[in-house]
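Trainee: What follows is query-v1.cif; its format and atoms are mmCIF, C-alpha atoms.
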```cif
data_work
#
loop_
_atom_site.label_atom_id
_atom_site.label_comp_id
_atom_site.auth_asym_id
_atom_site.auth_seq_id
_atom_site.Cartn_x
_atom_site.Cartn_y
_atom_site.Cartn_z
CA MET A 1 17.92 47.07 -4.49
CA LYS A 2 20.25 44.12 -5.11
CA LYS A 3 22.93 45.68 -2.89
CA ARG A 4 20.42 46.11 -0.07
CA ILE A 5 19.33 42.47 -0.37
CA ASP A 6 22.97 41.31 -0.33
CA ASN A 7 23.63 43.38 2.79
CA GLN A 8 20.59 41.89 4.50
CA ARG A 9 21.79 38.37 3.67
CA ASN A 10 25.30 39.06 4.93
CA ASN A 11 24.03 40.54 8.19
CA ARG A 12 21.85 37.45 8.75
CA ASN A 13 24.61 35.00 7.88
CA ARG A 14 27.11 36.70 10.23
CA LYS A 15 24.97 35.64 13.17
CA PHE A 16 26.75 32.25 13.09
CA GLU A 17 29.99 33.85 14.27
CA ASN A 18 31.72 31.77 17.02
CA SER A 19 29.37 28.82 16.37
CA ALA A 20 30.20 25.14 16.08
CA ILE A 21 28.17 23.59 13.28
CA LEU A 22 27.64 20.00 12.14
CA VAL A 23 26.61 19.45 8.51
CA THR A 24 25.74 15.89 7.56
CA GLY A 25 25.94 15.46 3.80
CA GLY A 26 28.16 18.54 3.70
CA ALA A 27 30.02 17.38 0.57
CA GLY A 28 26.79 17.25 -1.41
CA PHE A 29 25.31 19.86 -3.72
CA VAL A 30 23.28 21.80 -1.15
CA GLY A 31 25.56 20.96 1.76
CA SER A 32 28.76 22.23 0.16
CA ASN A 33 27.07 25.45 -0.95
CA LEU A 34 25.74 25.94 2.59
CA VAL A 35 29.20 25.42 4.08
CA LYS A 36 30.72 27.98 1.69
CA MET A 37 27.99 30.50 2.50
CA ILE A 38 28.62 30.21 6.23
CA LEU A 39 32.40 30.41 5.83
CA ASN A 40 32.15 33.49 3.62
CA SER A 41 30.22 35.42 6.27
CA ASN A 42 31.85 34.23 9.52
CA LYS A 43 35.56 34.38 10.31
CA ALA A 44 35.24 32.58 13.63
CA VAL A 45 33.24 29.43 12.95
CA LYS A 46 33.95 25.71 13.18
CA ILE A 47 32.20 23.37 10.74
CA THR A 48 32.30 19.59 10.94
CA ILE A 49 31.21 17.76 7.80
CA VAL A 50 30.18 14.10 7.91
CA ASP A 51 29.70 12.58 4.46
CA ASN A 52 30.22 9.06 3.08
CA LEU A 53 30.60 10.39 -0.50
CA LEU A 54 27.93 7.99 -1.71
CA SER A 55 26.37 10.69 -3.91
CA SER A 56 28.93 13.49 -3.58
CA GLU A 57 32.57 14.32 -4.26
CA LYS A 58 35.34 15.41 -1.93
CA ILE A 59 36.35 18.20 -4.34
CA SER A 60 33.16 20.03 -3.33
CA ILE A 61 34.43 20.49 0.23
CA PRO A 62 36.21 23.82 0.81
CA VAL A 63 39.85 23.52 1.84
CA ASP A 64 39.74 25.64 4.97
CA GLU A 65 41.19 25.31 8.46
CA ARG A 66 37.74 26.03 9.86
CA VAL A 67 36.37 22.85 8.27
CA GLU A 68 36.84 19.30 9.56
CA PHE A 69 35.83 16.50 7.19
CA VAL A 70 34.87 13.10 8.56
CA ARG A 71 34.38 10.54 5.82
CA GLY A 72 31.64 8.05 6.64
CA SER A 73 27.94 7.69 7.31
CA ILE A 74 26.26 9.52 10.16
CA ALA A 75 24.60 6.17 10.88
CA ASP A 76 28.02 4.67 11.72
CA ASP A 77 28.26 4.14 15.48
CA LYS A 78 31.98 4.95 15.51
CA ILE A 79 31.30 8.34 13.97
CA LEU A 80 28.24 9.01 16.12
CA ASN A 81 30.22 8.26 19.27
CA GLN A 82 32.72 10.95 18.29
CA LEU A 83 30.03 13.62 18.41
CA THR A 84 30.10 15.59 21.63
CA ASP A 85 27.78 18.21 23.07
CA ASN A 86 29.62 21.20 21.61
CA PHE A 87 27.51 21.97 18.55
CA ASP A 88 25.33 25.05 18.33
CA TYR A 89 23.61 24.00 15.09
CA VAL A 90 23.10 20.78 13.14
CA PHE A 91 22.09 20.79 9.47
CA HIS A 92 21.01 17.26 8.60
CA LEU A 93 21.31 17.10 4.81
CA ALA A 94 22.58 13.54 4.37
CA THR A 95 20.40 11.66 1.90
CA TYR A 96 20.30 8.84 -0.61
CA HIS A 97 19.95 10.48 -4.00
CA GLY A 98 17.20 10.13 -5.29
CA ASN A 99 13.79 8.76 -6.38
CA GLN A 100 14.79 6.37 -9.17
CA ASN A 101 17.76 4.91 -7.32
CA SER A 102 15.59 4.29 -4.28
CA ILE A 103 13.02 2.47 -6.41
CA PHE A 104 15.76 0.27 -7.88
CA ASN A 105 16.99 -0.69 -4.41
CA PRO A 106 15.02 0.47 -1.35
CA LEU A 107 17.47 -0.98 1.19
CA PRO A 108 20.30 1.53 0.64
CA ASP A 109 17.68 4.28 0.73
CA HIS A 110 16.51 3.08 4.14
CA LYS A 111 20.10 2.81 5.37
CA ASN A 112 21.15 6.25 4.13
CA ASN A 113 17.91 8.18 4.63
CA THR A 114 15.64 6.77 7.31
CA LEU A 115 18.24 5.14 9.54
CA THR A 116 20.61 8.11 9.43
CA THR A 117 17.95 10.42 10.84
CA LEU A 118 16.89 8.05 13.59
CA LYS A 119 20.43 7.28 14.74
CA LEU A 120 21.54 10.91 14.62
CA TYR A 121 18.57 12.05 16.70
CA GLU A 122 19.04 9.25 19.19
CA ARG A 123 22.67 10.32 19.66
CA ILE A 124 22.06 14.06 20.06
CA LYS A 125 18.67 13.98 21.84
CA ASN A 126 20.18 15.00 25.19
CA PHE A 127 22.72 17.52 23.92
CA LYS A 128 22.24 20.77 25.86
CA LYS A 129 24.12 23.30 23.73
CA LEU A 130 22.07 22.81 20.56
CA LYS A 131 20.11 25.84 19.43
CA LYS A 132 18.56 24.23 16.32
CA VAL A 133 18.61 21.00 14.32
CA ILE A 134 17.54 21.60 10.70
CA TYR A 135 16.17 18.60 8.83
CA SER A 136 16.05 18.74 5.03
CA SER A 137 12.77 17.30 3.82
CA ALA A 138 11.21 17.14 0.34
CA GLY A 139 8.19 18.87 -1.11
CA CYS A 140 7.41 15.78 -3.21
CA SER A 141 6.44 13.91 -0.05
CA VAL A 142 3.42 16.11 0.60
CA ALA A 143 2.51 17.32 -2.89
CA LYS A 144 -0.81 16.20 -4.30
CA LYS A 145 -0.38 13.49 -6.94
CA THR A 146 -1.87 15.13 -10.01
CA PHE A 147 -1.26 16.09 -13.63
CA GLY A 148 -4.22 18.42 -13.39
CA ARG A 149 -4.13 22.01 -12.21
CA ALA A 150 -1.75 22.34 -9.26
CA LYS A 151 -2.40 24.29 -6.09
CA ALA A 152 0.42 25.58 -3.93
CA THR A 153 1.39 22.97 -1.36
CA THR A 154 1.22 24.44 2.13
CA GLU A 155 2.99 23.27 5.26
CA ASN A 156 -0.24 21.79 6.63
CA SER A 157 -1.23 20.01 3.41
CA PRO A 158 -2.28 16.40 4.10
CA ILE A 159 0.33 13.70 3.62
CA GLU A 160 -0.84 11.05 1.18
CA ILE A 161 -0.27 7.38 1.99
CA ASN A 162 0.30 6.85 -1.76
CA GLN A 163 3.97 7.76 -2.23
CA ASP A 164 5.95 7.42 -5.47
CA SER A 165 9.25 6.15 -4.10
CA PRO A 166 11.12 4.91 -1.03
CA TYR A 167 12.99 8.24 -1.18
CA SER A 168 9.81 10.27 -0.64
CA ILE A 169 8.71 7.81 2.05
CA SER A 170 12.01 8.13 3.91
CA LYS A 171 11.89 11.92 3.75
CA ILE A 172 8.48 12.09 5.38
CA ILE A 173 9.49 9.49 7.99
CA GLY A 174 12.35 11.85 8.85
CA GLU A 175 9.73 14.52 9.47
CA PHE A 176 7.86 12.15 11.77
CA TYR A 177 11.05 11.51 13.76
CA SER A 178 11.80 15.24 13.86
CA VAL A 179 8.44 15.94 15.49
CA TYR A 180 8.70 12.92 17.80
CA TYR A 181 12.13 13.85 19.18
CA PHE A 182 11.04 17.45 19.66
CA LYS A 183 8.01 16.37 21.69
CA GLN A 184 9.72 13.52 23.52
CA ASN A 185 13.17 15.01 24.19
CA ASN A 186 12.76 18.72 23.38
CA LEU A 187 15.29 18.34 20.57
CA PRO A 188 14.93 21.69 18.74
CA THR A 189 14.21 20.30 15.27
CA VAL A 190 13.00 22.47 12.41
CA ARG A 191 11.90 20.88 9.13
CA ALA A 192 12.87 22.60 5.87
CA ARG A 193 10.88 21.28 2.89
CA PHE A 194 12.84 21.82 -0.30
CA GLN A 195 11.34 22.22 -3.71
CA ASN A 196 13.53 21.50 -6.81
CA VAL A 197 16.96 22.94 -6.10
CA TYR A 198 19.31 23.83 -8.94
CA GLY A 199 22.45 25.87 -9.43
CA PRO A 200 26.26 25.79 -9.50
CA GLY A 201 27.98 22.88 -7.81
CA GLU A 202 25.65 20.03 -8.73
CA ILE A 203 27.96 17.49 -10.34
CA LEU A 204 26.48 14.90 -12.67
CA GLY A 205 27.64 11.42 -11.68
CA ALA A 206 28.81 12.50 -8.23
CA GLY A 207 29.57 9.61 -5.90
CA LYS A 208 29.28 5.87 -6.41
CA TRP A 209 27.16 3.93 -8.88
CA ARG A 210 23.72 3.49 -7.32
CA GLY A 211 22.18 1.03 -9.72
CA THR A 212 20.52 3.17 -12.40
CA PRO A 213 21.45 5.87 -14.96
CA ALA A 214 19.94 8.34 -12.47
CA THR A 215 23.34 8.07 -10.75
CA VAL A 216 24.61 10.27 -13.59
CA TRP A 217 21.47 12.00 -14.85
CA ARG A 218 20.50 13.43 -11.53
CA ASN A 219 18.03 16.29 -11.31
CA VAL A 220 16.42 17.74 -14.41
CA ALA A 221 18.16 21.15 -14.45
CA PRO A 222 21.82 19.98 -14.50
CA THR A 223 20.97 17.22 -16.97
CA PHE A 224 19.31 19.69 -19.34
CA VAL A 225 22.14 22.21 -18.96
CA TYR A 226 24.82 19.63 -19.73
CA LYS A 227 23.00 18.19 -22.74
CA ALA A 228 22.24 21.66 -24.09
CA LEU A 229 25.90 22.64 -23.87
CA LYS A 230 26.80 19.46 -25.74
CA GLY A 231 24.27 20.21 -28.50
CA LEU A 232 22.02 17.28 -27.63
CA PRO A 233 18.19 17.19 -27.66
CA LEU A 234 16.66 17.55 -24.21
CA PRO A 235 14.62 14.51 -23.11
CA LEU A 236 10.99 15.31 -22.28
CA GLU A 237 8.91 12.61 -20.65
CA ASN A 238 5.15 12.84 -21.19
CA GLN A 239 5.55 15.86 -23.49
CA GLY A 240 7.15 17.82 -20.64
CA ARG A 241 3.74 18.32 -19.02
CA ALA A 242 5.03 17.94 -15.47
CA SER A 243 5.91 21.06 -13.52
CA ARG A 244 8.16 21.90 -10.59
CA ASP A 245 9.02 24.81 -8.33
CA PHE A 246 12.65 25.60 -9.16
CA ILE A 247 14.68 27.42 -6.53
CA TYR A 248 18.29 28.53 -6.81
CA VAL A 249 20.76 26.88 -4.44
CA ASP A 250 21.87 30.12 -2.76
CA ASP A 251 18.24 30.86 -1.93
CA VAL A 252 17.84 27.38 -0.44
CA CYS A 253 20.94 27.88 1.70
CA GLY A 254 19.56 31.22 2.84
CA GLY A 255 16.33 29.44 3.75
CA LEU A 256 18.24 26.87 5.80
CA LEU A 257 20.01 29.61 7.71
CA ALA A 258 16.71 31.41 8.28
CA CYS A 259 15.26 28.17 9.69
CA ALA A 260 18.24 27.94 12.05
CA LEU A 261 17.91 31.53 13.26
CA LYS A 262 14.14 32.07 13.28
CA GLY A 263 12.48 28.70 12.82
CA LYS A 264 10.17 27.52 15.58
CA PRO A 265 11.29 24.18 17.06
CA GLY A 266 8.90 21.41 16.09
CA ASP A 267 7.64 23.34 13.07
CA VAL A 268 8.03 23.07 9.28
CA TYR A 269 8.66 25.62 6.52
CA ASN A 270 8.58 25.45 2.74
CA ILE A 271 11.84 26.56 1.16
CA ALA A 272 10.28 27.39 -2.16
CA GLY A 273 10.22 29.88 -4.98
CA GLY A 274 6.44 29.76 -5.16
CA LYS A 275 6.27 29.62 -8.97
CA GLU A 276 5.21 26.66 -11.09
CA THR A 277 7.33 26.02 -14.19
CA ALA A 278 6.52 23.33 -16.76
CA ILE A 279 9.44 21.04 -17.62
CA LYS A 280 8.96 21.83 -21.31
CA LYS A 281 9.25 25.55 -20.56
CA LEU A 282 12.41 24.89 -18.52
CA ALA A 283 13.89 22.92 -21.43
CA GLY A 284 13.06 25.65 -23.92
CA LEU A 285 14.64 28.33 -21.74
CA ILE A 286 17.82 26.31 -21.22
CA ASN A 287 18.13 25.62 -24.94
CA GLU A 288 17.71 29.33 -25.65
CA LEU A 289 20.26 30.45 -23.05
CA ALA A 290 22.78 27.80 -24.08
CA GLY A 291 22.27 28.37 -27.80
CA ASN A 292 21.24 24.75 -28.37
CA LYS A 293 19.51 24.09 -31.70
CA ALA A 294 18.89 20.37 -31.11
CA GLY A 295 15.40 20.81 -29.64
CA PHE A 296 13.68 18.04 -27.72
CA GLU A 297 13.51 14.26 -27.56
CA PHE A 298 10.02 13.10 -26.56
CA LEU A 299 9.86 10.05 -24.30
CA PRO A 300 7.04 8.10 -22.61
CA LYS A 301 5.77 9.06 -19.17
CA ARG A 302 7.71 7.53 -16.29
CA PRO A 303 5.35 4.83 -14.97
CA TRP A 304 6.22 5.39 -11.32
CA ASP A 305 5.84 9.18 -11.27
CA THR A 306 2.33 10.35 -10.33
CA SER A 307 3.47 13.65 -8.82
CA GLY A 308 3.08 15.53 -12.09
CA ARG A 309 2.47 19.19 -11.30
CA ARG A 310 3.47 20.88 -8.08
CA PHE A 311 4.83 24.01 -6.43
CA GLY A 312 5.13 25.26 -2.88
CA SER A 313 3.46 28.04 -0.93
CA THR A 314 5.84 30.72 0.33
CA ASN A 315 3.44 32.50 2.71
CA LYS A 316 4.48 30.92 6.01
CA ALA A 317 8.24 31.19 5.40
CA GLN A 318 7.89 34.84 4.39
CA LYS A 319 5.76 35.70 7.42
CA GLU A 320 7.62 33.77 10.12
CA LEU A 321 11.20 33.56 8.80
CA GLY A 322 11.35 36.66 6.62
CA PHE A 323 12.48 34.32 3.86
CA ARG A 324 11.83 34.56 0.14
CA SER A 325 13.82 33.60 -2.94
CA HIS A 326 15.69 36.36 -4.76
CA ILE A 327 17.17 34.71 -7.87
CA ASP A 328 14.64 34.25 -10.67
CA LEU A 329 14.81 31.23 -12.95
CA GLU A 330 16.49 32.88 -15.93
CA GLU A 331 19.20 34.52 -13.83
CA GLY A 332 19.79 31.28 -11.95
CA LEU A 333 20.06 29.25 -15.14
CA ILE A 334 22.55 31.73 -16.61
CA LYS A 335 24.72 31.30 -13.51
CA THR A 336 24.33 27.51 -13.70
CA ILE A 337 25.26 27.40 -17.38
CA GLU A 338 28.33 29.56 -16.75
CA TRP A 339 29.45 27.30 -13.89
CA THR A 340 28.93 24.16 -15.94
CA LYS A 341 30.94 25.58 -18.86
CA SER A 342 33.80 26.48 -16.53
CA ASN A 343 33.78 23.10 -14.81
CA LEU A 344 32.97 20.86 -17.78
CA PRO A 345 36.29 18.91 -17.66
CA ILE A 346 35.73 18.06 -13.98
CA VAL A 347 32.09 17.12 -14.52
CA GLU A 348 32.90 14.88 -17.48
CA LYS A 349 35.75 13.19 -15.61
CA ILE A 350 33.35 12.29 -12.80
CA MET A 351 30.65 11.16 -15.24
CA ALA A 352 33.23 8.92 -16.95
CA LYS A 353 33.55 6.81 -13.77
CA HIS A 354 30.18 5.29 -14.68
CA LYS A 355 30.69 4.99 -18.44
CA GLU A 356 30.83 1.18 -18.56
CA LYS A 357 27.73 0.77 -16.42
CA LEU A 358 25.77 3.29 -18.49
CA GLN A 359 26.52 1.31 -21.65
CA LYS A 360 25.16 -1.98 -20.29
#
```
Could you render the structure from this file as structure tokens?

Mentor:
Amino acid sequence: MKKRIDNQRNNRNRKFENSAILVTGGAGFVGSNLVKMILNSNKAVKITIVDNLLSSEKISIPVDERVEFVRGSIADDKILNQLTDNFDYVFHLATYHGNQNSIFNPLPDHKNNTLTTLKLYERIKNFKKLKKVIYSSAGCSVAKKTFGRAKATTENSPIEINQDSPYSISKIIGEFYSVYYFKQNNLPTVRARFQNVYGPGEILGAGKWRGTPATVWRNVAPTFVYKALKGLPLPLENQGRASRDFIYVDDVCGGLLACALKGKPGDVYNIAGGKETAIKKLAGLINELAGNKAGFEFLPKRPWDTSGRRFGSTNKAQKELGFRSHIDLEEGLIKTIEWTKSNLPIVEKIMAKHKEKLQK
């Protein structure tokens, strides 16, 4: 069964042979994994990465003659003016990571989230060769704000005006621009709404200091994995009552490629696992897999976070893209723990860049 699934993935991914691809944010966690997936399945492909390394590291970029790395923001006019109408696909993954940093300082979030999307679309709106432009959005922007029983968020769920952070605001504004430029200029945008991505390659502390400890303690999964491997108690806000839809990074990359090949321009698809997992359950599983006896550290609820329980519907993506996730949570966490163990010296070296600021 697994071999058949792998063959299906490889056959799909090979369809990018002889393509020119632009990946903004291609040095980041998802972006670098996407680039590697495309390279592994296509001998004749040209990938251009644009990344300012604000929340990523150059070591994540594959050293490959098929890859060109341009260091800088996609909102930089000098870089935009270098883009010519020779790209078949654009994956727009550049972002300002993440909620807490955007709350601390909304202006960099606007500059590196909202403005990047607008300026990129304005530059490429008349490109003729483009087959698809894939925009990475966020499930948190449309999820119902509740700590009660969650229902699967669908692609047509209403968007609440009450957002938790500038990050979630900027992500949904990017969706607005994606629809606008499709209708106004026929730019073939497809919106991919991520749930909580985890897996190998997410480096704690990646990039520059962005004002808060969330620069280092990024998403919940890599934070828990690192602390479990170090024998530390895992921090649980609000008793760990919140829940998320965790999806392995390879599955997300497969979803992005499915959006590029089969996604309908102007439309949106959840890239989700479709299963709700409580944060306390996640912590317990990571402690078990890592052999951590330290247990939990209970902390107060984060005052800004009202998006307590959520997960995404997978129906539309399965029906229209033929996409579904294949790596279950336990298998994905085992792979993530193994990667973190193997790369612990690199991760800790990057975390150490922020040591003085964390101690203030």

Trainee: Of the candidates A:Thr154, A:Asn238, A:Asn40, A:Asn196, which shows the shortest atom-to-atom distance to A:Phe296, using only C-alpha atoms?

Mentor: A:Asn238

Trainee: With a cut-off of 8 Å, could you pull out the residues of stretch 178-268 of chain A touching stretch 87-105 of chain A and give me the nearest pair of atoms for each, distance in Å to one decimal, using only C-alpha atoms, ordered by chain and ascending number, as JSON lines?

Mentor:
```
{"residue": "A:Arg210", "atom": "CA", "partner": "A:Asn101", "partner_atom": "CA", "distance": 6.1}
{"residue": "A:Gly211", "atom": "CA", "partner": "A:Asn101", "partner_atom": "CA", "distance": 6.4}
{"residue": "A:Thr212", "atom": "CA", "partner": "A:Asn101", "partner_atom": "CA", "distance": 6.0}
{"residue": "A:Ala214", "atom": "CA", "partner": "A:Gln100", "partner_atom": "CA", "distance": 6.4}
{"residue": "A:Thr215", "atom": "CA", "partner": "A:Asn101", "partner_atom": "CA", "distance": 7.3}
{"residue": "A:Arg218", "atom": "CA", "partner": "A:Gly98", "partner_atom": "CA", "distance": 7.8}
{"residue": "A:Ala260", "atom": "CA", "partner": "A:Tyr89", "partner_atom": "CA", "distance": 7.3}
```

Trainee: Please write out, as lines of an AutoDock Vina configuration file, where the centre of an axis-aligned box around all listed atoms of stretch 265-281 of chain A lies and how long its edges are, in Å to one decimal, after adding 5 Å on each side.

Mentor:
```
center_x = 8.5
center_y = 25.5
center_z = -2.1
size_x = 16.6
size_y = 18.8
size_z = 48.4
```

Trainee: Considering only C-alpha atoms, give me a table of residues in stretch 213-258 of chain A that are at most 6 Å from stretch 308-330 of chain A, with the closest atom pair and distance in Å for each, as a tab-separated table.

Mentor:
```
residue	atom	partner	partner_atom	distance
A:Ala242	CA	A:Gly308	CA	4.6
A:Ser243	CA	A:Arg309	CA	4.5
A:Arg244	CA	A:Arg310	CA	5.4
A:Asp245	CA	A:Phe311	CA	4.7
A:Asp251	CA	A:Ser325	CA	5.3
A:Ala258	CA	A:Leu321	CA	5.9
```

Trainee: Residues near stretch 16-21 of chain A, anyone? I mean within 12 Å using all atoms listed in the file, not counting same-chain ones fewer than 5 positions away, as number ranges by chain.

Mentor: A: 10-11, 26, 34-35, 37-50, 66-68, 83-92, 129-134, 257-258, 260-261

Trainee: Spell out the residues picked by the PyMOL selection byres ((chain A and resi 124) around 9) here, as a list in words.

Mentor: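 Against this file, the PyMOL selection byres ((chain A and resi 124) around 9) returns the residues Leu80, Leu83, Thr84, Asp85, Lys119, Leu120, Tyr121, Glu122, Arg123, Lys125, Asn126, Phe127, Lys128, Leu130 and Leu187 of chain A.
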
Trainee: Please enumerate the residues selected by the PyMOL selection byres ((chain A and resi 346) around 12) when evaluated against the supplied file, formatted as a list in words.

Mentor: Glu57, Ile59, Ser60, Gly201, Glu202, Ile203, Leu204, Gly205, Ala206, Trp339, Thr340, Lys341, Ser342, Asn343, Leu344, Pro345, Val347, Glu348, Lys349, Ile350, Met351, Ala352 and Lys353 of chain A

Trainee: Counting all atoms listed in the file, which residue out of A:Thr336, A:Gln239, A:Ser56, A:Ser307 sits closest to A:Ala290?

Mentor: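 Among the listed residues, the smallest separation from A:Ala290 belongs to A:Thr336.
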
Trainee: Just want the 9 Å neighbourhood of A:Leu232, counted on only C-alpha atoms, with same-chain residues fewer than 4 positions away dropped. Output as a list of chain:residue names.

Mentor: A:Tyr226, A:Lys227, A:Ala228, A:Asn292, A:Lys293, A:Ala294, A:Gly295, A:Phe296

Trainee: Mind dumping the selected residues with C-alpha atoms as a short mmCIF file (atom, residue, chain, number, x, y, z; two decimals), keeping the file's coordinate frame?

Mentor:
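Writing the result to again_9.cif gives the following:
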```cif
data_model
loop_
_atom_site.label_atom_id
_atom_site.label_comp_id
_atom_site.auth_asym_id
_atom_site.auth_seq_id
_atom_site.Cartn_x
_atom_site.Cartn_y
_atom_site.Cartn_z
CA TYR A 226 24.82 19.63 -19.73
CA LYS A 227 23.00 18.19 -22.74
CA ALA A 228 22.24 21.66 -24.09
CA ASN A 292 21.24 24.75 -28.37
CA LYS A 293 19.51 24.09 -31.70
CA ALA A 294 18.89 20.37 -31.11
CA GLY A 295 15.40 20.81 -29.64
CA PHE A 296 13.68 18.04 -27.72
#
```

Trainee: Considering only C-alpha atoms, return as an MDAnalysis selection string whatever protein or nucleic-acid residues lie within 7 Å of A:Phe298, sequence-local ones (same chain, fewer than 4 positions apart) excluded.

Mentor: chainID A and resid 235:237 239

Trainee: For atom CA of A:Asn52 and atom CA of A:Arg71, quote the distance in Å rounded to one decimal.

Mentor: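 Computing the Euclidean distance for atom CA of A:Asn52 and atom CA of A:Arg71 yields 5.2 Å.
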
Trainee: Rank A:Lys58, A:Lys360, A:Lys275, A:Lys230 by their smallest atom-to-atom distance to A:Thr153, using only C-alpha atoms, and report the top residue only.

Mentor: A:Lys275

Trainee: Quick one: of A:Glu338, A:Glu175, A:Glu155, A:Glu297, who's nearest to A:Asn113, counting all atoms listed in the file?

Mentor: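 Of A:Glu338, A:Glu175, A:Glu155, A:Glu297, the one nearest A:Asn113, counting all atoms listed in the file, is A:Glu175.
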
Trainee: List as a VMD selection string the protein and nucleic acid residues near A:Ile247, meaning an atom at most 7 Å away when all atoms listed in the file are counted, but skip any in the same chain fewer than 6 places from it.

Mentor: chain A and resid 195 to 198 272 to 273

Trainee: Complete stretch 198-212 of chain A at the level of N, CA and C atoms, written as a PDB file, in the frame of the given file.

Mentor:
```pdb
ATOM      1  N   TYR A 198      18.384  23.878  -7.820  1.00  0.00           N
ATOM      2  CA  TYR A 198      19.310  23.830  -8.940  1.00  0.00           C
ATOM      3  C   TYR A 198      20.367  24.900  -8.735  1.00  0.00           C
ATOM      4  N   GLY A 199      21.443  24.828  -9.510  1.00  0.00           N
ATOM      5  CA  GLY A 199      22.450  25.870  -9.430  1.00  0.00           C
ATOM      6  C   GLY A 199      23.858  25.330  -9.536  1.00  0.00           C
ATOM      7  N   PRO A 200      24.859  26.207  -9.420  1.00  0.00           N
ATOM      8  CA  PRO A 200      26.260  25.790  -9.500  1.00  0.00           C
ATOM      9  C   PRO A 200      26.624  24.780  -8.421  1.00  0.00           C
ATOM     10  N   GLY A 201      27.467  23.836  -8.784  1.00  0.00           N
ATOM     11  CA  GLY A 201      27.980  22.880  -7.810  1.00  0.00           C
ATOM     12  C   GLY A 201      27.333  21.519  -7.831  1.00  0.00           C
ATOM     13  N   GLU A 202      26.274  21.358  -8.638  1.00  0.00           N
ATOM     14  CA  GLU A 202      25.650  20.030  -8.730  1.00  0.00           C
ATOM     15  C   GLU A 202      26.352  19.250  -9.833  1.00  0.00           C
ATOM     16  N   ILE A 203      27.092  18.220  -9.431  1.00  0.00           N
ATOM     17  CA  ILE A 203      27.960  17.490 -10.340  1.00  0.00           C
ATOM     18  C   ILE A 203      27.274  16.216 -10.816  1.00  0.00           C
ATOM     19  N   LEU A 204      27.052  16.120 -12.111  1.00  0.00           N
ATOM     20  CA  LEU A 204      26.480  14.900 -12.670  1.00  0.00           C
ATOM     21  C   LEU A 204      27.412  13.720 -12.422  1.00  0.00           C
ATOM     22  N   GLY A 205      26.832  12.611 -11.942  1.00  0.00           N
ATOM     23  CA  GLY A 205      27.640  11.420 -11.680  1.00  0.00           C
ATOM     24  C   GLY A 205      28.353  11.420 -10.360  1.00  0.00           C
ATOM     25  N   ALA A 206      28.101  12.410  -9.508  1.00  0.00           N
ATOM     26  CA  ALA A 206      28.810  12.500  -8.230  1.00  0.00           C
ATOM     27  C   ALA A 206      28.584  11.241  -7.401  1.00  0.00           C
ATOM     28  N   GLY A 207      29.671  10.744  -6.808  1.00  0.00           N
ATOM     29  CA  GLY A 207      29.570   9.610  -5.900  1.00  0.00           C
ATOM     30  C   GLY A 207      29.726   8.269  -6.588  1.00  0.00           C
ATOM     31  N   LYS A 208      29.160   7.251  -5.937  1.00  0.00           N
ATOM     32  CA  LYS A 208      29.280   5.870  -6.410  1.00  0.00           C
ATOM     33  C   LYS A 208      28.076   5.492  -7.273  1.00  0.00           C
ATOM     34  N   TRP A 209      28.258   4.455  -8.080  1.00  0.00           N
ATOM     35  CA  TRP A 209      27.160   3.930  -8.880  1.00  0.00           C
ATOM     36  C   TRP A 209      26.060   3.420  -7.956  1.00  0.00           C
ATOM     37  N   ARG A 210      24.826   3.856  -8.206  1.00  0.00           N
ATOM     38  CA  ARG A 210      23.720   3.490  -7.320  1.00  0.00           C
ATOM     39  C   ARG A 210      22.634   2.705  -8.060  1.00  0.00           C
ATOM     40  N   GLY A 211      23.059   2.026  -9.129  1.00  0.00           N
ATOM     41  CA  GLY A 211      22.180   1.030  -9.720  1.00  0.00           C
ATOM     42  C   GLY A 211      21.433   1.430 -10.974  1.00  0.00           C
ATOM     43  N   THR A 212      21.281   2.725 -11.237  1.00  0.00           N
ATOM     44  CA  THR A 212      20.520   3.170 -12.400  1.00  0.00           C
ATOM     45  C   THR A 212      21.219   4.362 -13.050  1.00  0.00           C
TER      46      THR A 212
END
```
